[in-house]
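Step one of this worksheet: look at the structure below.
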Amino acid sequence: MPELPEVETIACRLRPDLVGRRILQLEARWPKSLWPSPEAVRACEGRQVHRVDRRGKHLLLGLSGGSWLAIHLRMSGRMEWAGPHLPEPRHARTLWHLDDGRCLVMADARKFGRVIFTQDLAGTFVDLGPEPLGDGLTPAVFAARLQARDRAIKPLLLDQTFLAGLGNIYTDEALFRARLHPLTPASALTRAEATALLTAIREVLREGIAHCGTSLDWIYPDGRMQEFLRVYGRAGAPCTACGAPIVRAVLGQRGTWTCPRCQPEPGVSGYSPRHALPARRTRPP
DNA sequence: TGAATTGTTATCGT
DNA sequence: AACGATAACAATTC
């Protein structure tokens, strides 16, 4: 489940306890999760953790010698502590035994998570899109990237090579706040719509981080953002903006929640005019 | 029991 | 080439 705000929360929580620790031993109980190979990841042994960061949905551990561990939790991964007085979590897949007697654990029920060891962080992320909260992603840059793609906006936002860090939850929330239907062609967005979308993306991500992420089920506990979601998982409930029932559809194999009134589908006749909305969809000749 | 699940990737067809 | 659809990965929960 973890998307950008959840991984950011995990990084912030681990940082004070992890920076300065030395990795004594790697315990690989599900070697398939270790990339490029279990032997390669073993090179983290003996190294000290210098920093804890995030890139997209990856948790980054900066190690001595210029090497990195990049951990992707995919669907069901969690980071936990184990130790003399802490019981080991269920589904422990990779364990890092540290020099203070504690043990950092990647637990992952579905085994989709990945642990990557690399000396070349830039090379590892060469195909990863820009950080949505990064300074380099100006409205102009974002609008230009959208213009270049002939694709529905929702699957594009989920594409990590286009933008790093959005998952199903925050994508639906951002599109709702920007009043855009998920099937709107990316290249059809005006400059104003692109700017509004970037603002909406940053708002939902910052709000998600401020609330320590979204806790929808047993996988990711402790977050509070689920109380502030406006469309995701709210099928049938009234839209927070207009009162119309939120609709669930399946789009690109993913559950997709929208307000049919606030996010009218482009090109579909039969819906009422965009009353209070500025005419944004038509591009000047 | 059966359906659904937050993410990513390979593959196929258009 | 780019895109959409599909399955696969694997397990758990409701």
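Chain labels A, B, ... are given in the sequence in which chains occur in the structure tokens; within each chain residues are numbered consecutively from 1, and ligands are likewise numbered from 1 in the order shown.
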Open item on the list: Report as a list in words all protein, DNA and RNA residues lying within 12 Å of DC12 in chain B, evaluated on only C-alpha atoms (C1' of nucleotides), omitting residues in the same chain fewer than 5 positions from it.
Closed with: DG4, DA5, DT6 and DA7 of chain C
I need the residues from that last selection saved to file as a compact mmCIF listing (two decimals), in the first residue's frame (with N, CA, C and O atoms (P, O5', C5', C4', C3', O3' and C1' of nucleotides)), if you can.
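Heads up, here's the output in part.txt:
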# COMPACT_ATOMS: atom_id res chain seq x y z
P DG C 4 -3.40 4.54 -22.29
O5' DG C 4 -4.06 3.13 -22.64
C5' DG C 4 -4.96 3.02 -23.74
C4' DG C 4 -5.53 1.62 -23.78
C3' DG C 4 -6.02 1.12 -22.43
O3' DG C 4 -7.24 0.42 -22.60
C1' DG C 4 -4.32 -0.33 -23.25
P DA C 5 -7.98 -0.23 -21.37
O5' DA C 5 -7.62 -1.77 -21.49
C5' DA C 5 -7.85 -2.43 -22.73
C4' DA C 5 -7.38 -3.87 -22.63
C3' DA C 5 -7.81 -4.57 -21.34
O3' DA C 5 -8.31 -5.86 -21.67
C1' DA C 5 -5.45 -4.71 -21.63
P DT C 6 -9.02 -6.72 -20.55
O5' DT C 6 -7.87 -7.72 -20.11
C5' DT C 6 -7.16 -8.45 -21.13
C4' DT C 6 -6.03 -9.22 -20.50
C3' DT C 6 -6.33 -9.75 -19.09
O3' DT C 6 -6.43 -11.17 -19.14
C1' DT C 6 -4.13 -8.82 -19.26
P DA C 7 -6.73 -11.99 -17.82
O5' DA C 7 -5.27 -12.51 -17.42
C5' DA C 7 -4.40 -12.95 -18.46
C4' DA C 7 -3.01 -13.16 -17.89
C3' DA C 7 -2.98 -13.91 -16.55
O3' DA C 7 -1.96 -14.88 -16.61
C1' DA C 7 -1.84 -11.85 -16.36
TODO: For DC14 in chain C, work out the shell of residues within 12 Å, counting only C-alpha atoms (C1' of nucleotides) and skipping chain neighbours fewer than 6 positions away, then give it as a list of chain:residue names.
DONE: A:Asp217, A:Trp218, B:DT1, B:DG2, B:DA3, B:DA4, B:DT5
With a cut-off of 9 Å and counting only C-alpha atoms (C1' of nucleotides), select all residues of chain B in contact with chain A and give the selection as a PDB file with N, CA and C atoms (P, O5', C5', C4', C3', O3' and C1' of nucleotides), in the first residue's frame.
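The resulting file, selection-v8.pdb, is shown below:
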ATOM      1  P    DT B   5     -10.988  -3.799  -5.332  1.00  0.00           P
ATOM      2  O5'  DT B   5      -9.611  -3.802  -4.503  1.00  0.00           O
ATOM      3  C5'  DT B   5      -9.623  -3.529  -3.105  1.00  0.00           C
ATOM      4  C4'  DT B   5      -8.248  -3.769  -2.538  1.00  0.00           C
ATOM      5  C3'  DT B   5      -7.100  -3.467  -3.500  1.00  0.00           C
ATOM      6  O3'  DT B   5      -6.737  -2.104  -3.374  1.00  0.00           O
ATOM      7  C1'  DT B   5      -6.738  -5.522  -2.318  1.00  0.00           C
ATOM      8  P    DT B   6      -7.104  -1.102  -4.542  1.00  0.00           P
ATOM      9  O5'  DT B   6      -6.080   0.092  -4.385  1.00  0.00           O
ATOM     10  C5'  DT B   6      -4.759   0.060  -4.778  1.00  0.00           C
ATOM     11  C4'  DT B   6      -3.903   0.703  -3.708  1.00  0.00           C
ATOM     12  C3'  DT B   6      -2.419   0.393  -3.865  1.00  0.00           C
ATOM     13  O3'  DT B   6      -1.718   1.623  -3.807  1.00  0.00           O
ATOM     14  C1'  DT B   6      -3.119  -0.062  -1.674  1.00  0.00           C
ATOM     15  P    DG B   7      -0.814   1.825  -5.065  1.00  0.00           P
ATOM     16  O5'  DG B   7       0.088   0.521  -5.108  1.00  0.00           O
ATOM     17  C5'  DG B   7       1.182   0.403  -4.240  1.00  0.00           C
ATOM     18  C4'  DG B   7       2.365  -0.172  -5.009  1.00  0.00           C
ATOM     19  C3'  DG B   7       2.600   0.522  -6.356  1.00  0.00           C
ATOM     20  O3'  DG B   7       4.003   0.709  -6.498  1.00  0.00           O
ATOM     21  C1'  DG B   7       2.237  -1.799  -6.691  1.00  0.00           C
ATOM     22  P    DT B   8       4.597   1.467  -7.818  1.00  0.00           P
ATOM     23  O5'  DT B   8       5.082   0.259  -8.735  1.00  0.00           O
ATOM     24  C5'  DT B   8       6.074  -0.605  -8.209  1.00  0.00           C
ATOM     25  C4'  DT B   8       6.293  -1.785  -9.118  1.00  0.00           C
ATOM     26  C3'  DT B   8       6.722  -1.458 -10.551  1.00  0.00           C
ATOM     27  O3'  DT B   8       8.005  -2.022 -10.703  1.00  0.00           O
ATOM     28  C1'  DT B   8       5.069  -3.167 -10.495  1.00  0.00           C
TER      29       DT B   8
END
Could you give me the residues within range 4-156 of chain A that DSSP places in strand (DSSP E or B), as a compact mmCIF listing (two decimals) with N, CA and C atoms, in the first residue's frame?
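Saved as result.txt:
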# COMPACT_ATOMS: atom_id res chain seq x y z
N ARG A 22 25.35 0.46 12.75
CA ARG A 22 26.10 -0.36 11.81
C ARG A 22 25.36 -1.67 11.59
N ILE A 23 25.32 -2.09 10.34
CA ILE A 23 24.67 -3.36 10.00
C ILE A 23 25.67 -4.49 10.23
N LEU A 24 25.35 -5.38 11.15
CA LEU A 24 26.25 -6.49 11.43
C LEU A 24 25.97 -7.67 10.51
N GLN A 25 24.69 -7.93 10.30
CA GLN A 25 24.36 -9.12 9.52
C GLN A 25 23.01 -8.97 8.82
N LEU A 26 22.96 -9.45 7.60
CA LEU A 26 21.71 -9.50 6.83
C LEU A 26 21.14 -10.91 6.92
N GLU A 27 19.87 -10.97 7.23
CA GLU A 27 19.21 -12.28 7.28
C GLU A 27 18.14 -12.31 6.20
N ALA A 28 18.33 -13.15 5.19
CA ALA A 28 17.45 -13.19 4.02
C ALA A 28 16.56 -14.41 4.07
N LEU A 34 15.59 -9.86 -2.92
CA LEU A 34 16.87 -9.14 -2.87
C LEU A 34 17.44 -8.96 -4.27
N TRP A 35 17.73 -7.70 -4.63
CA TRP A 35 18.20 -7.35 -5.98
C TRP A 35 19.49 -6.58 -5.96
N GLN A 48 27.84 1.33 7.90
CA GLN A 48 27.11 2.17 8.83
C GLN A 48 26.03 2.94 8.07
N VAL A 49 24.89 3.13 8.69
CA VAL A 49 23.81 3.91 8.08
C VAL A 49 24.09 5.40 8.29
N HIS A 50 24.28 6.12 7.21
CA HIS A 50 24.60 7.55 7.30
C HIS A 50 23.35 8.41 7.20
N ARG A 51 22.40 7.95 6.41
CA ARG A 51 21.18 8.75 6.25
C ARG A 51 20.00 7.88 5.86
N VAL A 52 18.80 8.40 6.11
CA VAL A 52 17.55 7.73 5.75
C VAL A 52 16.73 8.72 4.93
N ASP A 53 16.41 8.35 3.69
CA ASP A 53 15.71 9.25 2.79
C ASP A 53 14.59 8.52 2.07
N ARG A 54 13.96 9.25 1.15
CA ARG A 54 12.90 8.68 0.33
C ARG A 54 13.04 9.19 -1.09
N ARG A 55 12.78 8.31 -2.07
CA ARG A 55 12.72 8.74 -3.47
C ARG A 55 11.53 8.02 -4.08
N HIS A 58 10.33 4.63 -2.76
CA HIS A 58 11.45 3.88 -2.22
C HIS A 58 11.93 4.51 -0.92
N LEU A 59 12.17 3.66 0.05
CA LEU A 59 12.87 4.07 1.27
C LEU A 59 14.36 3.88 1.02
N LEU A 60 15.14 4.92 1.31
CA LEU A 60 16.58 4.86 1.02
C LEU A 60 17.39 4.85 2.30
N LEU A 61 18.32 3.91 2.39
CA LEU A 61 19.29 3.93 3.48
C LEU A 61 20.65 4.21 2.85
N GLY A 62 21.21 5.38 3.16
CA GLY A 62 22.54 5.73 2.67
C GLY A 62 23.59 5.12 3.58
N LEU A 63 24.46 4.30 3.00
CA LEU A 63 25.44 3.55 3.79
C LEU A 63 26.85 4.07 3.57
N TRP A 68 23.99 2.23 -1.21
CA TRP A 68 22.61 2.49 -0.79
C TRP A 68 21.80 1.20 -0.74
N LEU A 69 20.86 1.19 0.17
CA LEU A 69 19.78 0.21 0.13
C LEU A 69 18.53 0.97 -0.27
N ALA A 70 17.87 0.52 -1.32
CA ALA A 70 16.59 1.10 -1.74
C ALA A 70 15.52 0.03 -1.51
N ILE A 71 14.58 0.35 -0.63
CA ILE A 71 13.57 -0.63 -0.24
C ILE A 71 12.21 -0.19 -0.78
N HIS A 72 11.59 -1.06 -1.58
CA HIS A 72 10.25 -0.78 -2.09
C HIS A 72 9.28 -1.75 -1.44
N GLY A 77 4.31 -4.43 2.14
CA GLY A 77 5.52 -4.38 2.94
C GLY A 77 5.41 -3.40 4.11
N ARG A 78 6.08 -3.74 5.21
CA ARG A 78 6.14 -2.85 6.37
C ARG A 78 7.54 -2.88 6.93
N MET A 79 7.93 -1.78 7.60
CA MET A 79 9.21 -1.77 8.30
C MET A 79 8.93 -1.83 9.78
N GLU A 80 9.57 -2.76 10.45
CA GLU A 80 9.32 -2.97 11.88
C GLU A 80 10.65 -3.12 12.61
N TRP A 81 10.57 -2.97 13.93
CA TRP A 81 11.73 -3.25 14.77
C TRP A 81 11.53 -4.57 15.49
N ALA A 82 12.61 -5.28 15.66
CA ALA A 82 12.61 -6.46 16.53
C ALA A 82 13.86 -6.37 17.40
N GLY A 83 13.86 -7.10 18.48
CA GLY A 83 15.02 -7.04 19.36
C GLY A 83 14.79 -7.87 20.59
N LEU A 86 11.52 -6.93 21.88
CA LEU A 86 10.47 -6.71 20.88
C LEU A 86 10.28 -7.99 20.08
N ALA A 92 8.19 -11.77 8.51
CA ALA A 92 9.52 -11.16 8.39
C ALA A 92 10.25 -11.78 7.20
N ARG A 93 10.68 -10.94 6.26
CA ARG A 93 11.33 -11.45 5.04
C ARG A 93 12.81 -11.10 4.99
N THR A 94 13.16 -9.87 5.38
CA THR A 94 14.55 -9.46 5.40
C THR A 94 14.82 -8.81 6.75
N LEU A 95 15.91 -9.21 7.40
CA LEU A 95 16.22 -8.68 8.73
C LEU A 95 17.65 -8.15 8.73
N TRP A 96 17.81 -6.94 9.27
CA TRP A 96 19.13 -6.35 9.42
C TRP A 96 19.47 -6.32 10.91
N HIS A 97 20.44 -7.12 11.28
CA HIS A 97 20.87 -7.13 12.68
C HIS A 97 21.86 -6.00 12.89
N LEU A 98 21.58 -5.14 13.85
CA LEU A 98 22.35 -3.90 14.03
C LEU A 98 23.27 -3.98 15.24
N CYS A 103 17.08 -5.06 15.62
CA CYS A 103 16.97 -5.69 14.33
C CYS A 103 15.90 -4.95 13.53
N LEU A 104 16.30 -4.40 12.38
CA LEU A 104 15.33 -3.77 11.48
C LEU A 104 14.76 -4.86 10.58
N VAL A 105 13.43 -4.88 10.46
CA VAL A 105 12.78 -5.98 9.76
C VAL A 105 11.90 -5.44 8.63
N MET A 106 12.07 -5.98 7.44
CA MET A 106 11.05 -5.76 6.41
C MET A 106 10.10 -6.95 6.48
N ALA A 107 8.87 -6.68 6.87
CA ALA A 107 7.83 -7.70 6.92
C ALA A 107 6.93 -7.48 5.71
N ASP A 108 6.51 -8.56 5.09
CA ASP A 108 5.79 -8.41 3.82
C ASP A 108 4.95 -9.65 3.55
N ARG A 114 10.73 -5.28 -2.49
CA ARG A 114 12.06 -5.44 -3.05
C ARG A 114 13.09 -4.68 -2.21
N VAL A 115 14.25 -5.30 -2.02
CA VAL A 115 15.39 -4.65 -1.39
C VAL A 115 16.51 -4.60 -2.41
N ILE A 116 16.92 -3.39 -2.78
CA ILE A 116 17.95 -3.22 -3.81
C ILE A 116 19.20 -2.67 -3.15
N PHE A 117 20.34 -3.27 -3.45
CA PHE A 117 21.62 -2.71 -3.03
C PHE A 117 22.30 -2.12 -4.25
N THR A 118 22.78 -0.88 -4.12
CA THR A 118 23.42 -0.25 -5.28
C THR A 118 24.51 0.72 -4.84
N ALA A 152 -4.75 8.79 -20.98
CA ALA A 152 -5.66 9.22 -19.92
C ALA A 152 -4.85 9.64 -18.69
TODO: Identify, with DSSP run on backbone atoms, the residues in range 38-260 of chain A assigned to helix (DSSP H, G or I), and express the list as JSON, numbers by chain.
DONE: {"A": [38, 39, 40, 41, 42, 43, 44, 64, 65, 66, 121, 122, 123, 124, 139, 140, 141, 142, 143, 144, 145, 146, 147, 153, 154, 155, 156, 157, 158, 168, 169, 170, 171, 172, 173, 174, 175, 176, 177, 186, 187, 188, 191, 192, 193, 194, 195, 196, 197, 198, 199, 200, 201, 202, 203, 204, 205, 206, 207, 208, 209, 210, 225, 226, 227, 228]}
Open item on the list: Would you mind listing, as a PyMOL selection string, all residues of chain C that have at least one atom within 8 Å of chain A, where only C-alpha atoms (C1' of nucleotides) are what counts?
Closed with: chain C and resi 3-5+9-12
Task: CA of Leu197 in chain A to CA of Cys239 in chain A, distance in Å rounded to a single decimal - done: 18.8 Å
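Interatomic distance, CA of Val250 in chain A to CA of Pro264 in chain A: 16.0 Å.
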Open item on the list: So that I can see what lies close to Gln263 in chain A, please list as a list in words the residues with an atom at most 6 Å from it, counting only C-alpha atoms (C1' of nucleotides) and leaving out residues fewer than 6 positions away in the same chain.
Closed with: Arg179, Leu180 and His181 of chain A
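Counting only C-alpha atoms (C1' of nucleotides), range 225-236 of chain A has the following residues at most 6 Å away, ignoring those fewer than 5 positions along the same chain: A:Ile169, A:Gly208, A:His211, A:Gly213, A:Thr214, A:Pro245, A:Ile246, A:Val247, A:Arg248, A:Trp257, A:Thr258.
From CA of Pro5 in chain A back to CA of Ser37 in chain A, the distance works out to 28.6 Å.
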